[in-house]
>>> print(open('model-v6.tsv').read())   # TSV, C-alpha atoms and all ligand atoms
chain	number	residue	atom	x	y	z
A	707	MET	CA	-64.64	141.00	89.67
A	708	PHE	CA	-66.52	142.22	86.63
A	709	THR	CA	-69.45	140.21	85.48
A	710	ASN	CA	-69.67	140.45	81.72
A	711	GLY	CA	-66.47	138.67	80.71
A	712	GLN	CA	-67.01	135.34	79.03
A	713	ASP	CA	-63.98	133.67	80.46
A	714	THR	CA	-61.81	133.56	83.51
A	715	ALA	CA	-58.16	132.61	83.16
A	716	GLY	CA	-56.08	134.34	85.86
A	717	ASP	CA	-56.43	133.56	89.53
A	718	TYR	CA	-57.72	137.00	90.39
A	719	LEU	CA	-58.18	139.03	87.26
A	720	ASN	CA	-60.49	138.23	84.41
A	721	HIS	CA	-58.98	137.83	80.98
A	722	TYR	CA	-61.73	139.07	78.74
A	723	THR	CA	-62.61	137.03	75.69
A	724	MET	CA	-64.09	139.33	73.11
A	725	PRO	CA	-67.06	137.98	71.15
A	726	SER	CA	-67.46	138.58	67.41
A	727	TYR	CA	-70.64	139.52	65.54
A	728	ASN	CA	-71.57	140.06	61.91
A	729	MET	CA	-72.49	143.42	60.48
A	730	ILE	CA	-76.11	143.42	59.26
A	731	LYS	CA	-76.42	147.01	58.06
A	732	TYR	CA	-74.23	150.05	57.73
A	733	GLU	CA	-76.04	153.10	59.11
A	734	ARG	CA	-73.79	156.20	58.92
A	735	GLU	CA	-70.53	157.89	59.87
A	736	MET	CA	-70.52	159.12	63.48
A	737	GLY	CA	-69.31	162.39	62.02
A	738	ASN	CA	-67.15	163.71	64.83
A	739	GLY	CA	-63.75	162.89	66.22
A	740	ILE	CA	-60.48	162.09	64.50
A	741	THR	CA	-60.99	158.55	63.30
A	742	ASN	CA	-64.60	158.94	62.20
A	743	PRO	CA	-66.02	155.62	63.42
A	744	LEU	CA	-69.03	154.10	61.67
A	745	LEU	CA	-72.40	153.22	63.16
A	746	MET	CA	-73.44	149.68	62.24
A	747	LYS	CA	-76.29	147.35	63.05
A	748	THR	CA	-74.91	143.93	63.94
A	749	THR	CA	-76.27	140.60	65.14
A	750	ASP	CA	-75.75	142.05	68.65
A	751	GLY	CA	-77.42	145.43	68.13
A	752	TYR	CA	-75.73	148.71	67.30
A	753	TYR	CA	-71.98	149.30	67.45
A	754	VAL	CA	-69.68	152.26	66.83
A	755	VAL	CA	-67.03	150.61	64.66
A	756	LYS	CA	-63.43	151.54	63.86
A	757	VAL	CA	-62.52	149.83	60.61
A	758	ILE	CA	-59.47	148.41	58.93
A	759	GLY	CA	-58.82	150.48	55.85
A	760	ASN	CA	-59.26	153.74	57.80
A	761	GLU	CA	-56.77	156.46	56.90
A	762	HIS	CA	-54.81	156.13	60.18
A	763	GLY	CA	-54.06	152.43	59.78
A	764	SER	CA	-54.77	149.44	61.99
A	765	LYS	CA	-52.74	150.68	65.01
A	766	ILE	CA	-55.81	152.57	66.17
A	767	LEU	CA	-57.73	149.29	66.32
A	768	ILE	CA	-54.86	147.63	68.17
A	769	ASN	CA	-54.80	150.52	70.65
A	770	GLU	CA	-58.56	150.21	71.19
A	771	MET	CA	-58.43	146.47	71.73
A	772	VAL	CA	-55.45	146.49	74.10
A	773	CYS	CA	-56.86	149.40	76.11
A	774	PHE	CA	-60.30	147.77	76.28
A	775	LYS	CA	-58.78	144.62	77.72
A	776	LEU	CA	-56.62	146.63	80.13
A	777	ALA	CA	-59.74	148.55	81.19
A	778	LYS	CA	-61.42	145.24	81.97
A	779	LEU	CA	-58.43	144.12	84.06
A	780	PHE	CA	-58.48	147.40	86.00
A	781	ASP	CA	-62.29	147.56	86.28
A	782	ILE	CA	-62.48	150.85	84.39
A	783	PRO	CA	-66.05	151.57	83.19
A	784	ILE	CA	-66.16	151.24	79.40
A	785	PRO	CA	-68.89	150.23	76.91
A	786	ASP	CA	-68.82	146.55	75.91
A	787	ALA	CA	-66.67	145.88	72.88
A	788	SER	CA	-66.74	143.19	70.19
A	789	LEU	CA	-65.06	142.25	66.97
A	790	ILE	CA	-67.36	143.08	64.07
A	791	ARG	CA	-67.07	140.90	60.98
A	792	ILE	CA	-67.71	142.31	57.52
A	793	ASP	CA	-67.22	139.68	54.83
A	794	SER	CA	-66.52	140.33	51.14
A	795	ASP	CA	-70.11	139.58	50.06
A	796	THR	CA	-71.55	142.05	52.58
A	797	LEU	CA	-68.97	144.62	51.54
A	798	SER	CA	-69.82	144.22	47.85
A	799	LEU	CA	-73.43	145.15	48.68
A	800	ASN	CA	-72.32	148.36	50.44
A	801	PRO	CA	-70.75	150.85	48.02
A	802	ASP	CA	-70.68	153.51	50.79
A	803	LEU	CA	-68.37	151.33	52.87
A	804	GLN	CA	-66.20	150.58	49.83
A	805	LYS	CA	-65.87	154.32	49.18
A	806	LEU	CA	-64.64	154.74	52.76
A	807	GLY	CA	-61.90	152.19	52.06
A	808	VAL	CA	-63.30	149.53	54.42
A	809	GLU	CA	-61.65	146.15	53.96
A	810	PRO	CA	-63.22	142.74	54.62
A	811	GLY	CA	-62.36	141.14	57.95
A	812	LEU	CA	-62.72	141.87	61.66
A	813	HIS	CA	-63.08	145.42	62.99
A	814	PHE	CA	-63.27	146.95	66.46
A	815	GLY	CA	-66.77	147.76	67.72
A	816	SER	CA	-67.78	149.69	70.84
A	817	LYS	CA	-71.37	148.93	71.82
A	818	LEU	CA	-73.53	151.99	71.20
A	819	VAL	CA	-74.61	153.88	74.32
A	820	SER	CA	-77.98	154.86	72.91
A	821	ARG	CA	-78.66	157.70	75.34
A	822	GLY	CA	-75.17	159.04	75.82
A	823	GLN	CA	-73.88	162.53	76.59
A	824	THR	CA	-70.25	163.16	75.63
A	825	SER	CA	-70.03	166.80	76.59
A	826	ILE	CA	-69.26	166.52	80.30
A	827	GLN	CA	-70.77	169.31	82.41
A	828	ALA	CA	-70.44	169.69	86.19
A	829	PRO	CA	-74.16	169.25	87.10
A	830	LEU	CA	-74.53	166.10	85.00
A	831	LEU	CA	-71.25	164.66	86.29
A	832	ASN	CA	-72.50	165.19	89.82
A	833	LEU	CA	-75.46	162.92	89.07
A	834	VAL	CA	-73.43	159.88	87.99
A	835	LYS	CA	-73.52	156.89	90.31
A	836	ASN	CA	-69.93	155.74	89.73
A	837	LYS	CA	-67.95	158.77	90.91
A	838	GLU	CA	-65.52	156.41	92.66
A	839	ASP	CA	-64.36	155.38	89.15
A	840	ILE	CA	-63.17	158.90	88.29
A	841	PRO	CA	-59.73	158.65	89.97
A	842	SER	CA	-59.33	155.22	88.34
A	843	ILE	CA	-59.92	156.70	84.87
A	844	ILE	CA	-57.29	159.37	85.60
A	845	LEU	CA	-54.65	156.87	86.72
A	846	PHE	CA	-55.57	154.57	83.81
A	847	ASP	CA	-54.86	157.48	81.43
A	848	GLN	CA	-51.38	157.88	82.92
A	849	ILE	CA	-50.66	154.16	82.42
A	850	ILE	CA	-51.80	154.18	78.79
A	851	TYR	CA	-50.28	157.67	78.23
A	852	ASN	CA	-53.56	159.03	76.92
A	853	ASN	CA	-53.21	162.72	76.10
A	854	ASP	CA	-56.56	162.62	74.33
A	855	ARG	CA	-59.04	162.70	77.24
A	856	VAL	CA	-57.99	165.90	78.99
A	857	MET	CA	-59.21	168.43	76.45
A	858	ASN	CA	-61.20	166.42	73.92
A	859	PRO	CA	-64.93	166.85	74.58
A	860	GLY	CA	-65.83	163.47	73.04
A	861	ASN	CA	-63.79	160.85	74.90
A	862	LEU	CA	-65.92	160.39	77.99
A	863	ILE	CA	-69.59	159.49	77.79
A	864	ILE	CA	-72.32	159.57	80.39
A	865	ASP	CA	-74.89	156.83	79.94
A	866	ILE	CA	-77.98	158.83	80.84
A	867	LYS	CA	-80.14	155.76	81.46
A	868	GLU	CA	-77.65	154.09	83.82
A	869	LYS	CA	-76.30	157.40	85.21
A	870	LYS	CA	-72.82	156.04	84.58
A	871	LEU	CA	-69.63	157.70	83.37
A	872	LEU	CA	-67.74	155.60	80.79
A	873	ALA	CA	-64.35	155.94	79.12
A	874	ILE	CA	-64.41	155.79	75.32
A	875	ASP	CA	-61.93	156.28	72.48
A	876	HIS	CA	-58.55	154.73	73.08
A	877	SER	CA	-57.28	155.22	69.53
A	878	HIS	CA	-54.79	157.94	70.36
A	879	THR	CA	-53.13	156.40	73.39
A	880	PHE	CA	-49.51	155.36	74.14
A	881	LYS	CA	-48.44	158.99	73.60
A	882	LEU	CA	-48.20	158.66	69.83
A	883	GLY	CA	-51.57	157.22	68.85
A	884	ALA	CA	-51.25	155.48	65.50
A	885	LEU	CA	-47.55	156.36	65.16
A	886	TRP	CA	-45.89	154.22	67.82
A	887	ASN	CA	-43.23	151.66	67.03
A	888	GLU	CA	-40.29	150.03	68.81
A	889	ILE	CA	-37.92	152.91	68.08
A	890	GLU	CA	-40.34	155.59	69.28
A	891	PHE	CA	-41.02	153.62	72.47
A	892	LYS	CA	-37.29	153.45	73.13
A	893	LYS	CA	-37.15	157.25	72.90
A	894	ILE	CA	-40.13	157.65	75.27
A	895	HIS	CA	-38.43	155.26	77.65
A	896	GLU	CA	-35.46	157.62	77.92
A	897	GLU	CA	-37.72	160.54	78.91
A	898	ASP	CA	-38.70	161.17	82.54
A	899	LEU	CA	-42.15	159.89	83.42
A	900	CYS	CA	-44.72	162.68	83.41
A	901	LEU	CA	-48.46	163.20	83.61
A	902	VAL	CA	-50.60	163.60	80.50
A	903	ARG	CA	-50.45	166.97	78.72
A	904	ASP	CA	-52.53	169.97	79.95
A	905	PHE	CA	-53.39	168.11	83.14
A	906	HIS	CA	-55.78	170.82	84.39
A	907	GLY	CA	-57.57	171.21	81.04
A	908	LEU	CA	-61.30	171.08	80.28
A	909	ASN	CA	-62.48	167.60	81.33
A	910	TYR	CA	-59.80	166.90	83.90
A	911	LYS	CA	-60.64	170.16	85.66
A	912	LEU	CA	-64.11	168.74	86.31
A	913	LEU	CA	-62.91	165.22	87.07
A	914	LEU	CA	-60.25	166.36	89.55
A	915	LYS	CA	-62.96	167.57	91.96
A	916	TYR	CA	-63.68	163.90	92.59
A	917	VAL	CA	-60.10	163.01	93.43
A	918	ASN	CA	-60.47	163.68	97.13
A	919	GLY	CA	-60.29	162.06	100.55
A	920	TYR	CA	-57.44	159.89	101.77
A	921	ASN	CA	-57.25	157.05	99.24
A	922	PRO	CA	-58.94	158.15	96.00
A	923	PHE	CA	-56.91	155.71	93.91
A	924	ASN	CA	-57.53	152.75	96.19
A	925	LYS	CA	-59.95	150.96	93.87
A	926	ILE	CA	-57.61	150.78	90.87
A	927	LEU	CA	-54.53	150.24	93.06
A	928	GLN	CA	-56.13	147.10	94.48
A	929	LYS	CA	-56.37	145.78	90.91
A	930	ILE	CA	-52.87	146.90	89.96
A	931	GLN	CA	-51.49	145.09	92.97
A	932	GLN	CA	-52.85	141.81	91.59
A	933	ILE	CA	-51.64	142.27	88.05
A	934	SER	CA	-48.92	140.13	86.49
A	935	GLN	CA	-47.00	140.41	83.26
A	936	GLU	CA	-49.06	137.47	82.00
A	937	ASP	CA	-52.22	139.53	82.50
A	938	ILE	CA	-50.80	142.31	80.33
A	939	LYS	CA	-49.76	139.77	77.73
A	940	SER	CA	-53.34	138.46	77.61
A	941	CYS	CA	-54.48	141.87	76.33
A	942	PHE	CA	-52.87	140.94	73.01
A	943	ASP	CA	-54.83	137.70	72.65
A	944	GLN	CA	-57.34	137.64	69.79
A	945	ILE	CA	-55.80	140.52	67.80
A	946	PRO	CA	-56.93	139.62	64.27
A	947	ILE	CA	-54.21	138.73	61.74
A	948	GLU	CA	-55.53	141.36	59.33
A	949	TRP	CA	-54.52	144.09	61.85
A	950	GLU	CA	-50.91	143.11	61.03
A	951	LEU	CA	-49.35	143.50	64.47
A	952	LYS	CA	-45.74	142.31	64.32
A	953	LYS	CA	-44.36	140.20	67.16
A	954	CYS	CA	-41.60	142.76	67.87
A	955	GLU	CA	-44.20	145.55	68.06
A	956	MET	CA	-46.34	143.50	70.40
A	957	ASP	CA	-43.34	142.90	72.66
A	958	ALA	CA	-42.47	146.62	72.59
A	959	LEU	CA	-46.00	147.70	73.57
A	960	ASN	CA	-46.21	145.01	76.23
A	961	HIS	CA	-42.93	146.27	77.69
A	962	PHE	CA	-44.09	149.92	77.50
A	963	ILE	CA	-47.27	149.16	79.47
A	964	TRP	CA	-45.51	146.99	82.04
A	965	TYR	CA	-42.84	149.64	82.65
A	966	ARG	CA	-45.53	152.22	83.39
A	967	ILE	CA	-47.31	149.85	85.78
A	968	GLU	CA	-44.05	149.05	87.57
A	969	ASN	CA	-43.53	152.79	88.03
A	970	ILE	CA	-47.02	153.49	89.34
A	971	ASN	CA	-45.65	155.09	92.51
A	972	ARG	CA	-43.91	157.71	90.40
A	973	PHE	CA	-47.26	158.61	88.80
A	974	LEU	CA	-48.85	158.77	92.24
A	975	ASP	CA	-46.13	161.21	93.38
A	976	LEU	CA	-46.80	163.38	90.34
A	977	LEU	CA	-50.55	163.18	90.90
A	978	LYS	CA	-50.12	164.13	94.55
A	979	GLU	CA	-48.57	167.40	93.45
A	980	GLN	CA	-51.51	168.20	91.16
A	981	CYS	CA	-54.56	166.84	93.02
A	982	HIS	CA	-55.07	169.37	95.76
A	983	ASP	CA	-58.10	167.70	97.37
A	984	TRP	CA	-56.22	164.44	97.87
A	985	LYS	CA	-55.48	164.42	101.56
A	986	GLY	CA	-52.81	161.76	101.58
A	987	GLY	CA	-52.93	158.12	102.56
A	988	ASP	CA	-50.68	155.26	101.72
A	989	TYR	CA	-49.55	154.09	98.33
A	990	PHE	CA	-49.09	150.42	98.07
A	991	GLU	CA	-45.77	148.62	97.81
A	992	PHE	CA	-45.19	147.19	94.35
B	1	LIG	N1	-69.92	153.33	72.41
B	1	LIG	C1	-70.35	154.51	72.00
B	1	LIG	N2	-71.64	154.88	72.24
B	1	LIG	C2	-72.13	156.09	71.83
B	1	LIG	N3	-71.40	156.99	71.15
B	1	LIG	C3	-70.11	156.68	70.88
B	1	LIG	C4	-69.52	155.44	71.29
B	1	LIG	N4	-68.24	155.42	70.87
B	1	LIG	C5	-68.04	156.59	70.24
B	1	LIG	N5	-69.16	157.35	70.23
B	1	LIG	C6	-69.37	158.69	69.62
B	1	LIG	O1	-68.57	158.81	68.47
B	1	LIG	C7	-67.62	159.87	68.64
B	1	LIG	C8	-66.32	159.49	67.99
B	1	LIG	O2	-65.84	158.28	68.56
B	1	LIG	P1	-64.38	158.19	69.16
B	1	LIG	O3	-64.20	156.81	69.69
B	1	LIG	O4	-64.18	159.32	70.13
B	1	LIG	O5	-63.49	158.33	67.87
B	1	LIG	P2	-62.48	159.43	67.37
B	1	LIG	O6	-61.16	158.77	67.39
B	1	LIG	O7	-62.95	159.68	65.98
B	1	LIG	O8	-62.56	160.63	68.26
B	1	LIG	C9	-67.52	160.06	70.16
B	1	LIG	O9	-67.10	161.35	70.51
B	1	LIG	C10	-68.95	159.80	70.58
B	1	LIG	O10	-69.75	160.93	70.32
B	2	MG	MG	-62.72	160.79	70.22
>>> encode(input="model-v6.tsv", output="structure tokens")
Amino acid sequence: MFTNGQDTAGDYLNHYTMPSYNMIKYEREMGNGITNPLLMKTTDGYYVVKVIGNEHGSKILINEMVCFKLAKLFDIPIPDASLIRIDSDTLSLNPDLQKLGVEPGLHFGSKLVSRGQTSIQAPLLNLVKNKEDIPSIILFDQIIYNNDRVMNPGNLIIDIKEKKLLAIDHSHTFKLGALWNEIEFKKIHEEDLCLVRDFHGLNYKLLLKYVNGYNPFNKILQKIQQISQEDIKSCFDQIPIEWELKKCEMDALNHFIWYRIENINRFLDLLKEQCHDWKGGDYFEF
């Protein structure tokens, strides 16, 4: 069980209730990455915020929120996240934010890891205390169809103070990032299940060294075994109205995620072929 959720609803798995905080001060653009998140001081310290009004649309915020809540269900290490409120009065005092197209309302904030290293190198990775989470992050990426962590040097972060590897940036998940919809999901559904693209690329090459022994995926599989469709549905709770998620889109994404969880053994078969230090062991019965 994780400890920082505010609420427990399921019998076994925590349904995370995301707090909301007000922006106090806009600091700067983070300056790297695709979505260009913004660093803000809030009533709960500093957050890296993805805003409504960004050029990719609000799907990237929906993806972040749903993946954050899934990460909490699966016990994937991830920085705390909150909804960050920017009201019209605050916005009118910040011409820089207006220029960036930021709209008033609730935005997605990832709590700033103040001493974080995103470029993952072998010696530093070897120092992290949560190496047992590495296979979990890899299987999590298959569930959320995240092609964006294999090669991208900025979507994992090592908290230097805590010596902990964390997953960040779930904007470009569900294969299509900001471009998914019901029709596209139907097309993906007709394709054979496969692993994320360039499986042996940059970051994964380093991570795969830690997929070893007999049951490397045991930790996340224990969680998956407990999960119900209701748990997945709970990941859509609290999505702000201004993110404009339609009911039919919510149902389509819910179905997409559940289908991939139901087919977890297929992913394990595919992983078995690619993870050469995995010695075997049992999968669980779904
Ligand atoms: N919680 C965080 N703490 C510290 N740095 C972060 C955090 N979230 C993001 N960043 C930094 O901002 C960069 C861009 O954020 P990211 O979520 O990857 O957005 P993008 O979609 O633009 O790639 C990351 O590569 C990382 O350097
Ligand atoms: Mg990124």
>>> residues_near_ligand(input="model-v6.tsv", ligand="ligand LIG 1 (chain B)", cutoff="8 Å", atoms="all atoms listed in the file", output="mmCIF file with C-alpha atoms, in the coordinates of the input")
data_model
loop_
_atom_site.group_PDB
_atom_site.id
_atom_site.type_symbol
_atom_site.label_atom_id
_atom_site.label_comp_id
_atom_site.auth_asym_id
_atom_site.auth_seq_id
_atom_site.Cartn_x
_atom_site.Cartn_y
_atom_site.Cartn_z
ATOM 1 C CA MET A 736 -70.520 159.120 63.480
ATOM 2 C CA GLY A 737 -69.310 162.390 62.020
ATOM 3 C CA ASN A 738 -67.150 163.710 64.830
ATOM 4 C CA GLY A 739 -63.750 162.890 66.220
ATOM 5 C CA ILE A 740 -60.480 162.090 64.500
ATOM 6 C CA THR A 741 -60.990 158.550 63.300
ATOM 7 C CA ASN A 742 -64.600 158.940 62.200
ATOM 8 C CA PRO A 743 -66.020 155.620 63.420
ATOM 9 C CA TYR A 753 -71.980 149.300 67.450
ATOM 10 C CA VAL A 754 -69.680 152.260 66.830
ATOM 11 C CA VAL A 755 -67.030 150.610 64.660
ATOM 12 C CA LYS A 756 -63.430 151.540 63.860
ATOM 13 C CA PRO A 785 -68.890 150.230 76.910
ATOM 14 C CA ASP A 786 -68.820 146.550 75.910
ATOM 15 C CA GLY A 815 -66.770 147.760 67.720
ATOM 16 C CA SER A 816 -67.780 149.690 70.840
ATOM 17 C CA LYS A 817 -71.370 148.930 71.820
ATOM 18 C CA LEU A 818 -73.530 151.990 71.200
ATOM 19 C CA VAL A 819 -74.610 153.880 74.320
ATOM 20 C CA SER A 820 -77.980 154.860 72.910
ATOM 21 C CA ARG A 821 -78.660 157.700 75.340
ATOM 22 C CA GLY A 822 -75.170 159.040 75.820
ATOM 23 C CA GLN A 823 -73.880 162.530 76.590
ATOM 24 C CA THR A 824 -70.250 163.160 75.630
ATOM 25 C CA PRO A 859 -64.930 166.850 74.580
ATOM 26 C CA GLY A 860 -65.830 163.470 73.040
ATOM 27 C CA ASN A 861 -63.790 160.850 74.900
ATOM 28 C CA LEU A 862 -65.920 160.390 77.990
ATOM 29 C CA ILE A 863 -69.590 159.490 77.790
ATOM 30 C CA ILE A 874 -64.410 155.790 75.320
ATOM 31 C CA ASP A 875 -61.930 156.280 72.480
ATOM 32 C CA HIS A 876 -58.550 154.730 73.080
ATOM 33 C CA SER A 877 -57.280 155.220 69.530
ATOM 34 C CA HIS A 878 -54.790 157.940 70.360
#
>>> residues_around(input="model-v6.tsv", residues="range 953-957 of chain A", least_positions_apart="2", cutoff="12 Å", atoms="only C-alpha atoms", output="mmCIF file with C-alpha atoms, in the coordinates of the input")
data_model
loop_
_atom_site.group_PDB
_atom_site.id
_atom_site.type_symbol
_atom_site.label_atom_id
_atom_site.label_comp_id
_atom_site.auth_asym_id
_atom_site.auth_seq_id
_atom_site.Cartn_x
_atom_site.Cartn_y
_atom_site.Cartn_z
ATOM 1 C CA LYS A 765 -52.740 150.680 65.010
ATOM 2 C CA ILE A 768 -54.860 147.630 68.170
ATOM 3 C CA ASN A 769 -54.800 150.520 70.650
ATOM 4 C CA VAL A 772 -55.450 146.490 74.100
ATOM 5 C CA LEU A 885 -47.550 156.360 65.160
ATOM 6 C CA TRP A 886 -45.890 154.220 67.820
ATOM 7 C CA ASN A 887 -43.230 151.660 67.030
ATOM 8 C CA GLU A 888 -40.290 150.030 68.810
ATOM 9 C CA ILE A 889 -37.920 152.910 68.080
ATOM 10 C CA GLU A 890 -40.340 155.590 69.280
ATOM 11 C CA PHE A 891 -41.020 153.620 72.470
ATOM 12 C CA LYS A 892 -37.290 153.450 73.130
ATOM 13 C CA GLN A 935 -47.000 140.410 83.260
ATOM 14 C CA ILE A 938 -50.800 142.310 80.330
ATOM 15 C CA LYS A 939 -49.760 139.770 77.730
ATOM 16 C CA SER A 940 -53.340 138.460 77.610
ATOM 17 C CA CYS A 941 -54.480 141.870 76.330
ATOM 18 C CA PHE A 942 -52.870 140.940 73.010
ATOM 19 C CA ASP A 943 -54.830 137.700 72.650
ATOM 20 C CA ILE A 945 -55.800 140.520 67.800
ATOM 21 C CA ILE A 947 -54.210 138.730 61.740
ATOM 22 C CA TRP A 949 -54.520 144.090 61.850
ATOM 23 C CA GLU A 950 -50.910 143.110 61.030
ATOM 24 C CA LEU A 951 -49.350 143.500 64.470
ATOM 25 C CA LEU A 959 -46.000 147.700 73.570
ATOM 26 C CA ASN A 960 -46.210 145.010 76.230
ATOM 27 C CA HIS A 961 -42.930 146.270 77.690
ATOM 28 C CA PHE A 962 -44.090 149.920 77.500
ATOM 29 C CA ILE A 963 -47.270 149.160 79.470
ATOM 30 C CA TRP A 964 -45.510 146.990 82.040
#
>>> residues_around(input="model-v6.tsv", residues="range 833-849 of chain A", least_positions_apart="5", cutoff="6 Å", atoms="only C-alpha atoms", output="list in words")
Lys869, Lys870, Val917, Phe923, Ile926 and Arg966 of chain A
>>> closest_residue(input="model-v6.tsv", among="A:Asn969, A:His813, A:Lys867, A:Arg903", to="Tyr851 in chain A", atoms="all atoms listed in the file")
A:Arg903
>>> closest_residue(input="model-v6.tsv", among="A:Arg734, A:Lys805, A:Lys747, A:Lys929", to="Lys778 in chain A", atoms="only C-alpha atoms")
A:Lys929
>>> closest_residue(input="model-v6.tsv", among="A:Leu776, A:Ile758, A:Val856, A:Leu789", to="ligand MG 2 (chain B)", atoms="all atoms listed in the file")
A:Val856
>>> residues_near_point(input="model-v6.tsv", point="(-58.5, 169.4, 81.9)", cutoff="12 Å", atoms="only C-alpha atoms", output="list in words")
Ile826, Ile844, Asn853, Asp854, Arg855, Val856, Met857, Asn858, Pro859, Leu901, Val902, Arg903, Asp904, Phe905, His906, Gly907, Leu908, Asn909, Tyr910, Lys911, Leu912, Leu913, Leu914, Lys915 and Gln980 of chain A
>>> atom_distance(input="model-v6.tsv", atom1="CA of Asp983 in chain A", atom2="CA of Tyr916 in chain A")
8.3 Å
>>> atom_distance(input="model-v6.tsv", atom1="CA of Gly883 in chain A", atom2="CA of Leu977 in chain A")
22.9 Å
>>> residues_around(input="model-v6.tsv", residues="Met724 in chain A", least_positions_apart="2", cutoff="7 Å", atoms="all atoms listed in the file", output="list in words")
Tyr722, Ser726, Ser788 and Leu789 of chain A
>>> atom_distance(input="model-v6.tsv", atom1="CA of Ile970 in chain A", atom2="CA of Asn720 in chain A")
20.9 Å
>>> closest_residue(input="model-v6.tsv", among="A:Gly986, A:Ile850, A:Ala873, A:Pro725", to="Leu974 in chain A", atoms="only C-alpha atoms")
A:Gly986
>>> residues_near_point(input="model-v6.tsv", point="(-58.8, 166.7, 97.3)", cutoff="6 Å", atoms="all atoms listed in the file", output="count of residues only")
7
